[in-house]
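Written out below as structure tokens is the structure these notes cover.
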Amino acid sequence: MQNECTFVLLGATGDLAKRKLIPAIYKLVADKMISKFVLVGAALSDTTIEQVLSDGKKFITGIDEQVWQKITQAAYYHQMDFHDDSAYAPFYELLQRVEQKHGLFGNRIYYLAVMPQHFAFLTRNLAQCCIVRQRDDHGNEPWSRIVYEKPFGYDLVSAQEINDSIAQVYDEKQVYRIDHYLGKELVSNIALARFTNRVFEPLWNNEHIESVQIVLSEKIGIEGRGEFYDACGALKDVVQNHMLQILSLIAMEPPEMLTAKQVRDAKAQVLKDVNVDNVILGQYKGYLQEANVNKDSQTETFAALKLTVDNQRWQGVPFYLKTGKYLKNKEASVHIKFKMVKCLLDWCPADSNYLTIKIQPDEGIYLDLNVKKPGVNNQVTPVTMDLCHSSIFGPNTPEAYETLLADVIKGDQCAFVRSDEIILSWKIIEQVQQFEKKLYAYEKGGDGPAQVKQLDSEREITWKA
């Protein structure tokens with residue numbers, strides 16, 4: 001009974017549902033991760049379940065029509081205004097009716113694929129109308145789990161208000177705050193690679209590591225999302241969630257076990273220790289001419305930060321974060337730079353060793369080493385040892401949303417963000433906002449503002465990506 005459930009998609013007509021959630025549910029059905037299911041979508045739009053599924057089908061490759069038929073036969077749509085109190089009773093009746101029709105036990109996943117301003121109202125009404133059970137039962141009782149899509153609020157105050165509204169009605173064990181980067185294979189590999197390989201963990205400290213770079217760069221612009229992007233910018237869209245989550249995984253202390261509670265405890269402690277040392281913000285030329293962007297907007301499309309983690313392990317090690325729109329390369333990666341060894345040669349290496357974790361593209365783990373140059377004594381040349389993920393495991397590894405939905409079904413919260421992590425990350429963004437906000441213009445297709453090399457006042461930064 002634990003591998004059957006009702007998927008409730010609130011915001012079923014949105015971009016996220018059709019591009020990511022419906023394809024993820026299709027894969028779970030195709031891979032037999034669930035034995036029986038029902039899909040119930042709800043939104044304000046006057047549409048049909050056939051149209052909702054048709055919109056999602058376009059984003060599924062290599063579709064098996066028999067699997068797709070299973071989904072169409074178990075899918076329903078309910079038009080409702082989430083801010084209308086009277087709309088919830090008929091929605092509840094629909095859920096009970098279709099679960100009875102399909103012989104389901106009553107396990108439910110509620111996915112709030114809506115903007116964060118709807119979170120508190122939906123949370124309260126779903127609980128008051130008993131649509132979401134206010135507990136996460138196991139064994140002989142059905143469970144209810146509720147998934148909140150990012151962004152989780154717009155600032156510290158709104159995030160706290162949402163957290164408070166959730167805590168009033170639900171047990172934290174029911175709550176899954178999603179950051180899809182935590183479902184990516186190479187992000188989930190960070191802790192495993194570090195803690196299961198003896199060659200890494202003894203070197204994972206300030207005695208051996210000189211600096212850490214975390215880079216999330218995009219070649220594209222805001223892609224028609226002017227109204228949304230102009231309200232958040234790079235700091236809120238990428239740094240507050242994806243980048244700080246990656247940093248916390250890199251910097252956390254070894255937990256006793258890689259369980260959800262202990263991993264999230266360790267990540268939260270890192271975020272408590274983070275301090276902002278410097279900030280460079282930029283805006284690409286032409287941003288002010290984008291549709292639905294304020295013509296005198298001060299929204300940043302580029303952000304570079306120098307952070308420190310003020311504990312014994314990382315004292316003196318700078319963490320550099322860089323993200324932006326319309327940059328030269330599309331890349332998400334972590335570059336860990338080791339300190340130089342004492343040179344015993346007449347001709348010394350130009351650079352030290354790097355451990356690179358590439359999240360996308362070319363997913364894999366890469367280690368730069370210095371070796372003897374063939375045919376020449378006492379000269380070294382850098383080479384890269386690589387674990388190409390697709391070469392070893394094949395190209396068809398699960399997408400992030402498929403992995404995360406499977407974790408929700410299993411009740412595994414390890415790859416989800418806890419309430420205190422949300423608050424701590426917003427406090428870091430508040431630190432950033434205390435710096436004078438100066439925007440540096442930069443050309444599309446480059447490396448961002450020229451000032452980014454001077455992010456660290458003690459040294460000029462050579463960005464690995």
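Chain labels A, B, ... are given in the sequence in which chains occur in the structure tokens; within each chain residues are numbered consecutively from 1, and ligands are likewise numbered from 1 in the order shown.
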
Who sits within 8 Å of segment 245-258 of chain A, only C-alpha atoms, same chain under 2 positions skipped, as a list in words: Leu182, Val187, Ile190, Ala191, Phe195, Ile214, Asn241, His242, Met243, Ala260, Gln262, Val263, Ala266, Lys267, Ala268, Gln269, Val270, Leu271, Val309 and Trp314 of chain A

Which of segment 245-421 of chain A fall in alpha helix (DSSP H), as a VMD selection string: chain A and resid 245 to 251 260 to 273 389 to 393 400 to 410 419 to 421

Between atom CA of Lys410 of chain A and atom CA of Gln128 of chain A - distance in Å to one decimal: 25.9 Å

Taking 2 positions as the minimum chain separation for residues in the same chain, which residues sit within 10 Å of Gln213 of chain A when counting only C-alpha atoms? Answer as a short mmCIF file (atom, residue, chain, number, x, y, z; two decimals) with N, CA, C and O atoms, in the first residue's frame.
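Everything below was put into result01.cif:
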data_model
loop_
_atom_site.label_atom_id
_atom_site.label_comp_id
_atom_site.auth_asym_id
_atom_site.auth_seq_id
_atom_site.Cartn_x
_atom_site.Cartn_y
_atom_site.Cartn_z
N SER A 211 40.54 27.29 -1.68
CA SER A 211 39.30 28.02 -1.94
C SER A 211 38.29 27.07 -2.58
O SER A 211 38.63 25.99 -3.05
N VAL A 215 29.65 27.74 -9.17
CA VAL A 215 29.27 28.53 -10.35
C VAL A 215 27.98 27.97 -10.95
O VAL A 215 27.89 26.77 -11.21
N LEU A 247 26.56 24.85 -1.17
CA LEU A 247 27.61 25.23 -0.22
C LEU A 247 27.48 24.44 1.09
O LEU A 247 28.47 23.95 1.64
N LEU A 305 29.63 36.47 -4.98
CA LEU A 305 29.77 36.67 -3.55
C LEU A 305 31.05 36.01 -3.05
O LEU A 305 31.43 34.94 -3.54
N LYS A 306 31.68 36.65 -2.09
CA LYS A 306 32.72 35.99 -1.32
C LYS A 306 32.15 35.73 0.07
O LYS A 306 31.78 36.66 0.79
N PRO A 318 38.10 30.98 1.50
CA PRO A 318 37.00 31.73 0.87
C PRO A 318 36.12 30.82 0.01
O PRO A 318 36.61 29.92 -0.68
N PHE A 319 34.82 31.07 0.08
CA PHE A 319 33.86 30.40 -0.80
C PHE A 319 33.34 31.45 -1.78
O PHE A 319 32.72 32.44 -1.37
N TYR A 320 33.64 31.25 -3.06
CA TYR A 320 33.22 32.19 -4.09
C TYR A 320 32.00 31.64 -4.82
O TYR A 320 32.02 30.51 -5.32
N LEU A 321 30.94 32.44 -4.91
CA LEU A 321 29.73 32.07 -5.63
C LEU A 321 29.55 33.01 -6.81
O LEU A 321 29.72 34.23 -6.67
N LYS A 322 29.20 32.46 -7.97
CA LYS A 322 28.98 33.29 -9.16
C LYS A 322 27.81 32.74 -9.96
O LYS A 322 27.76 31.54 -10.25
N SER A 333 28.62 24.03 -11.54
CA SER A 333 29.77 23.23 -11.10
C SER A 333 30.32 23.74 -9.78
O SER A 333 30.08 24.89 -9.38
N VAL A 334 31.07 22.86 -9.12
CA VAL A 334 31.81 23.20 -7.90
C VAL A 334 33.27 22.91 -8.17
O VAL A 334 33.62 21.83 -8.66
N HIS A 335 34.14 23.88 -7.89
CA HIS A 335 35.58 23.73 -8.10
C HIS A 335 36.29 23.89 -6.76
O HIS A 335 36.29 24.99 -6.18
N ILE A 336 36.87 22.82 -6.28
CA ILE A 336 37.60 22.84 -5.01
C ILE A 336 39.09 22.90 -5.32
O ILE A 336 39.64 21.98 -5.92
N LYS A 337 39.70 24.02 -4.96
CA LYS A 337 41.12 24.25 -5.27
C LYS A 337 41.96 23.88 -4.05
O LYS A 337 41.80 24.46 -2.97
N THR A 356 36.72 18.96 -9.33
CA THR A 356 35.56 19.62 -9.93
C THR A 356 34.38 18.66 -9.94
O THR A 356 34.50 17.52 -10.41
N TRP A 463 38.72 32.65 -12.21
CA TRP A 463 37.53 31.80 -12.15
C TRP A 463 37.74 30.55 -13.00
O TRP A 463 38.21 30.63 -14.14
N LYS A 464 37.43 29.41 -12.43
CA LYS A 464 37.62 28.14 -13.13
C LYS A 464 36.57 27.98 -14.22
O LYS A 464 36.76 27.26 -15.19
N ALA A 465 35.41 28.65 -14.04
CA ALA A 465 34.34 28.58 -15.05
C ALA A 465 33.62 29.92 -15.09
O ALA A 465 33.68 30.69 -14.15
#

Which of segment 139-182 of chain A fall in strand (DSSP E or B), as number ranges by chain: A: 143-148, 175-177

Given the selection you just returned, output its residues as a file containing all heavy atoms, formatted as a short mmCIF file (atom, residue, chain, number, x, y, z; two decimals), in the first residue's frame.
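Listing of selection32.cif after writing:
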data_model
loop_
_atom_site.label_atom_id
_atom_site.label_comp_id
_atom_site.auth_asym_id
_atom_site.auth_seq_id
_atom_site.Cartn_x
_atom_site.Cartn_y
_atom_site.Cartn_z
N TRP A 143 -1.04 8.00 4.43
CA TRP A 143 -0.25 9.18 4.73
C TRP A 143 -0.64 10.34 3.82
O TRP A 143 -1.17 10.16 2.73
CB TRP A 143 1.25 8.92 4.64
CG TRP A 143 1.76 8.14 3.45
CD1 TRP A 143 2.19 6.84 3.45
CD2 TRP A 143 1.94 8.61 2.10
NE1 TRP A 143 2.61 6.48 2.19
CE2 TRP A 143 2.48 7.54 1.35
CE3 TRP A 143 1.72 9.82 1.47
CZ2 TRP A 143 2.78 7.65 -0.01
CZ3 TRP A 143 2.00 9.95 0.11
CH2 TRP A 143 2.53 8.86 -0.61
N SER A 144 -0.36 11.55 4.32
CA SER A 144 -0.54 12.78 3.55
C SER A 144 0.77 13.55 3.58
O SER A 144 1.29 13.83 4.66
CB SER A 144 -1.65 13.65 4.14
OG SER A 144 -2.92 13.09 3.93
N ARG A 145 1.30 13.90 2.41
CA ARG A 145 2.55 14.65 2.32
C ARG A 145 2.35 15.83 1.39
O ARG A 145 1.74 15.69 0.32
CB ARG A 145 3.69 13.74 1.83
CG ARG A 145 4.01 12.67 2.89
CD ARG A 145 4.82 11.53 2.39
NE ARG A 145 4.88 10.49 3.43
CZ ARG A 145 5.21 9.22 3.22
NH1 ARG A 145 5.53 8.80 2.00
NH2 ARG A 145 5.21 8.37 4.22
N ILE A 146 2.89 16.97 1.77
CA ILE A 146 2.64 18.21 1.05
C ILE A 146 3.96 18.81 0.59
O ILE A 146 4.90 18.95 1.38
CB ILE A 146 1.80 19.19 1.90
CG1 ILE A 146 1.43 20.44 1.12
CG2 ILE A 146 2.49 19.52 3.22
CD1 ILE A 146 0.29 21.22 1.76
N VAL A 147 4.05 19.10 -0.70
CA VAL A 147 5.28 19.55 -1.34
C VAL A 147 5.12 21.03 -1.72
O VAL A 147 4.15 21.41 -2.38
CB VAL A 147 5.60 18.73 -2.60
CG1 VAL A 147 6.93 19.18 -3.20
CG2 VAL A 147 5.63 17.23 -2.28
N TYR A 148 6.09 21.84 -1.30
CA TYR A 148 6.10 23.27 -1.62
C TYR A 148 7.22 23.55 -2.62
O TYR A 148 8.38 23.25 -2.36
CB TYR A 148 6.31 24.11 -0.36
CG TYR A 148 5.17 24.03 0.62
CD1 TYR A 148 5.11 23.02 1.57
CD2 TYR A 148 4.14 24.98 0.60
CE1 TYR A 148 4.05 22.94 2.47
CE2 TYR A 148 3.09 24.91 1.49
CZ TYR A 148 3.05 23.89 2.42
OH TYR A 148 1.99 23.81 3.32
N VAL A 175 6.17 17.61 5.52
CA VAL A 175 6.45 18.77 4.68
C VAL A 175 7.72 18.56 3.86
O VAL A 175 8.77 18.22 4.42
CB VAL A 175 6.57 20.04 5.55
CG1 VAL A 175 6.87 21.25 4.69
CG2 VAL A 175 5.28 20.25 6.35
N TYR A 176 7.62 18.81 2.55
CA TYR A 176 8.73 18.63 1.62
C TYR A 176 8.91 19.93 0.85
O TYR A 176 8.17 20.21 -0.10
CB TYR A 176 8.45 17.45 0.68
CG TYR A 176 8.39 16.12 1.38
CD1 TYR A 176 7.28 15.77 2.16
CD2 TYR A 176 9.44 15.22 1.30
CE1 TYR A 176 7.22 14.56 2.82
CE2 TYR A 176 9.39 14.00 1.96
CZ TYR A 176 8.28 13.68 2.72
OH TYR A 176 8.23 12.48 3.39
N ARG A 177 9.88 20.75 1.28
CA ARG A 177 10.19 22.00 0.57
C ARG A 177 11.22 21.66 -0.51
O ARG A 177 12.35 21.26 -0.20
CB ARG A 177 10.74 23.05 1.54
CG ARG A 177 9.76 23.46 2.63
CD ARG A 177 10.44 24.32 3.68
NE ARG A 177 9.58 24.52 4.84
CZ ARG A 177 9.43 23.64 5.83
NH1 ARG A 177 10.11 22.49 5.80
NH2 ARG A 177 8.62 23.89 6.83
#

Residues near segment 22-25 of chain A, cut-off 8 Å, only C-alpha atoms, skip fewer than 4 positions along chain, as a ChimeraX atom specification: /A:17-18,29,53,56-57,59-60,399,401-402,405

Could those selected residues go to a file with all heavy atoms, as a CSV table (one decimal), in the first residue's frame?
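Writing the result to out-v8.csv gives the following:
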chain,number,residue,atom,x,y,z
A,17,ALA,N,4.0,22.2,-14.0
A,17,ALA,CA,3.2,20.9,-14.1
A,17,ALA,C,3.4,20.3,-15.5
A,17,ALA,O,3.7,19.1,-15.5
A,17,ALA,CB,1.7,21.2,-13.9
A,18,LYS,N,3.3,21.0,-16.5
A,18,LYS,CA,3.4,20.4,-17.9
A,18,LYS,C,4.9,20.0,-18.2
A,18,LYS,O,5.1,19.0,-18.9
A,18,LYS,CB,2.8,21.3,-18.9
A,18,LYS,CG,3.5,22.6,-19.2
A,18,LYS,CD,2.8,23.4,-20.2
A,18,LYS,CE,3.5,24.7,-20.6
A,18,LYS,NZ,2.7,25.6,-21.5
A,29,VAL,N,5.4,5.9,-13.3
A,29,VAL,CA,4.5,4.8,-13.7
A,29,VAL,C,5.2,3.9,-14.6
A,29,VAL,O,5.1,2.6,-14.5
A,29,VAL,CB,3.2,5.4,-14.4
A,29,VAL,CG1,2.3,4.3,-14.9
A,29,VAL,CG2,2.4,6.3,-13.4
A,53,LEU,N,-3.1,17.1,-19.8
A,53,LEU,CA,-2.2,16.0,-20.1
A,53,LEU,C,-1.6,16.2,-21.5
A,53,LEU,O,-0.4,15.9,-21.7
A,53,LEU,CB,-3.0,14.6,-20.1
A,53,LEU,CG,-3.5,14.2,-18.7
A,53,LEU,CD1,-4.2,12.9,-18.9
A,53,LEU,CD2,-2.3,14.0,-17.8
A,56,GLY,N,1.4,18.4,-21.2
A,56,GLY,CA,2.5,17.7,-20.5
A,56,GLY,C,3.2,16.6,-21.4
A,56,GLY,O,4.4,16.4,-21.4
A,57,LYS,N,2.4,16.0,-22.3
A,57,LYS,CA,2.9,14.9,-23.1
A,57,LYS,C,3.9,15.4,-24.1
A,57,LYS,O,4.8,14.7,-24.4
A,57,LYS,CB,1.7,14.3,-23.9
A,57,LYS,CG,2.0,13.1,-24.7
A,57,LYS,CD,0.8,12.5,-25.4
A,57,LYS,CE,1.1,11.2,-26.0
A,57,LYS,NZ,-0.1,10.6,-26.7
A,59,PHE,N,6.4,17.1,-23.5
A,59,PHE,CA,7.7,17.1,-22.9
A,59,PHE,C,8.2,15.8,-22.4
A,59,PHE,O,9.1,15.6,-21.6
A,59,PHE,CB,7.7,18.1,-21.7
A,59,PHE,CG,7.4,19.5,-22.0
A,59,PHE,CD1,6.1,20.0,-22.0
A,59,PHE,CD2,8.4,20.4,-22.5
A,59,PHE,CE1,5.8,21.3,-22.4
A,59,PHE,CE2,8.1,21.7,-22.9
A,59,PHE,CZ,6.8,22.1,-22.8
A,60,ILE,N,7.6,14.7,-22.9
A,60,ILE,CA,8.0,13.3,-22.7
A,60,ILE,C,8.5,12.7,-23.9
A,60,ILE,O,7.9,12.7,-25.0
A,60,ILE,CB,6.8,12.5,-22.2
A,60,ILE,CG1,6.1,13.1,-20.9
A,60,ILE,CG2,7.2,11.1,-21.8
A,60,ILE,CD1,4.9,12.5,-20.5
A,399,GLU,N,15.5,12.2,-14.0
A,399,GLU,CA,15.4,13.6,-13.9
A,399,GLU,C,15.2,14.0,-12.4
A,399,GLU,O,14.7,13.2,-11.6
A,399,GLU,CB,14.3,14.2,-14.8
A,399,GLU,CG,14.6,14.1,-16.2
A,399,GLU,CD,15.7,15.0,-16.7
A,399,GLU,OE1,15.8,16.1,-16.1
A,399,GLU,OE2,16.3,14.7,-17.7
A,401,TYR,N,13.1,15.9,-10.8
A,401,TYR,CA,11.7,15.8,-10.2
A,401,TYR,C,11.2,14.4,-10.1
A,401,TYR,O,10.5,14.1,-9.2
A,401,TYR,CB,10.7,16.6,-11.1
A,401,TYR,CG,10.8,18.1,-10.8
A,401,TYR,CD1,11.7,19.0,-11.6
A,401,TYR,CD2,10.1,18.7,-9.8
A,401,TYR,CE1,11.7,20.3,-11.3
A,401,TYR,CE2,10.2,20.0,-9.5
A,401,TYR,CZ,11.0,20.8,-10.2
A,401,TYR,OH,11.1,22.2,-10.0
A,402,GLU,N,11.6,13.5,-11.0
A,402,GLU,CA,11.3,12.1,-10.8
A,402,GLU,C,11.9,11.5,-9.5
A,402,GLU,O,11.3,10.9,-8.7
A,402,GLU,CB,11.8,11.3,-12.0
A,402,GLU,CG,11.5,9.8,-11.9
A,402,GLU,CD,12.2,9.0,-13.0
A,402,GLU,OE1,12.7,9.7,-14.0
A,402,GLU,OE2,12.2,7.8,-12.9
A,405,LEU,N,10.1,13.1,-6.4
A,405,LEU,CA,8.8,12.6,-6.2
A,405,LEU,C,8.9,11.2,-5.6
A,405,LEU,O,8.1,10.8,-4.8
A,405,LEU,CB,7.9,12.6,-7.5
A,405,LEU,CG,7.3,13.9,-7.8
A,405,LEU,CD1,6.5,13.8,-9.1
A,405,LEU,CD2,6.3,14.4,-6.7

Close residues, Asn3 of chain A itself excluded, 7 Å, only C-alpha atoms, min 6 positions apart in chain, as a ChimeraX atom specification: /A:33-35,409

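Distances from A:Met385, A:Ile162, A:Val432, A:Val341 to Val276 of chain A were compared using only C-alpha atoms, and the smallest one belongs to A:Val432.
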
Pick from A:Asp230, A:Asp31, A:Glu149, A:Glu161 nearest to Val417 of chain A, counting only C-alpha atoms: A:Glu149

For Asp310 of chain A, list every protein, DNA or RNA residue within 8 Å, evaluated using only C-alpha atoms, and leave out those in the same chain fewer than 3 positions away; present the list as an mmCIF file with N, CA and C atoms, in the first residue's frame.
data_model
loop_
_atom_site.group_PDB
_atom_site.id
_atom_site.type_symbol
_atom_site.label_atom_id
_atom_site.label_comp_id
_atom_site.auth_asym_id
_atom_site.auth_seq_id
_atom_site.Cartn_x
_atom_site.Cartn_y
_atom_site.Cartn_z
ATOM 1 N N ASP A 273 26.957 29.492 10.253
ATOM 2 C CA ASP A 273 28.343 29.958 10.319
ATOM 3 C C ASP A 273 28.757 30.809 9.127
ATOM 4 N N VAL A 274 27.872 30.991 8.143
ATOM 5 C CA VAL A 274 28.228 31.724 6.931
ATOM 6 C C VAL A 274 28.185 33.230 7.188
ATOM 7 N N ASN A 275 29.214 33.913 6.718
ATOM 8 C CA ASN A 275 29.235 35.364 6.727
ATOM 9 C C ASN A 275 29.585 35.885 5.341
ATOM 10 N N TRP A 314 36.935 25.465 8.321
ATOM 11 C CA TRP A 314 37.007 26.300 7.125
ATOM 12 C C TRP A 314 37.598 27.678 7.376
ATOM 13 N N GLN A 315 38.169 27.896 8.545
ATOM 14 C CA GLN A 315 38.738 29.211 8.843
ATOM 15 C C GLN A 315 39.775 29.607 7.796
#

Who sits within 9 Å of Val98 of chain A, only C-alpha atoms, same chain under 4 positions skipped, as an MDAnalysis selection string: chainID A and resid 38 40 74 76 93:94 102:104

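Counting only C-alpha atoms and comparing A:Leu439, A:Cys414, A:Ala120, A:Leu28, the residue that lies closest to Ser188 of chain A is A:Cys414.
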
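The two atoms in question, atom CA of Leu21 of chain A and atom CA of Asp362 of chain A, are spaced 24.1 Å apart.
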
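If you measure from each of A:Cys130, A:Ile209, A:Ala234, A:Leu95 to Phe7 of chain A using only C-alpha atoms, the closest one turns out to be A:Leu95.
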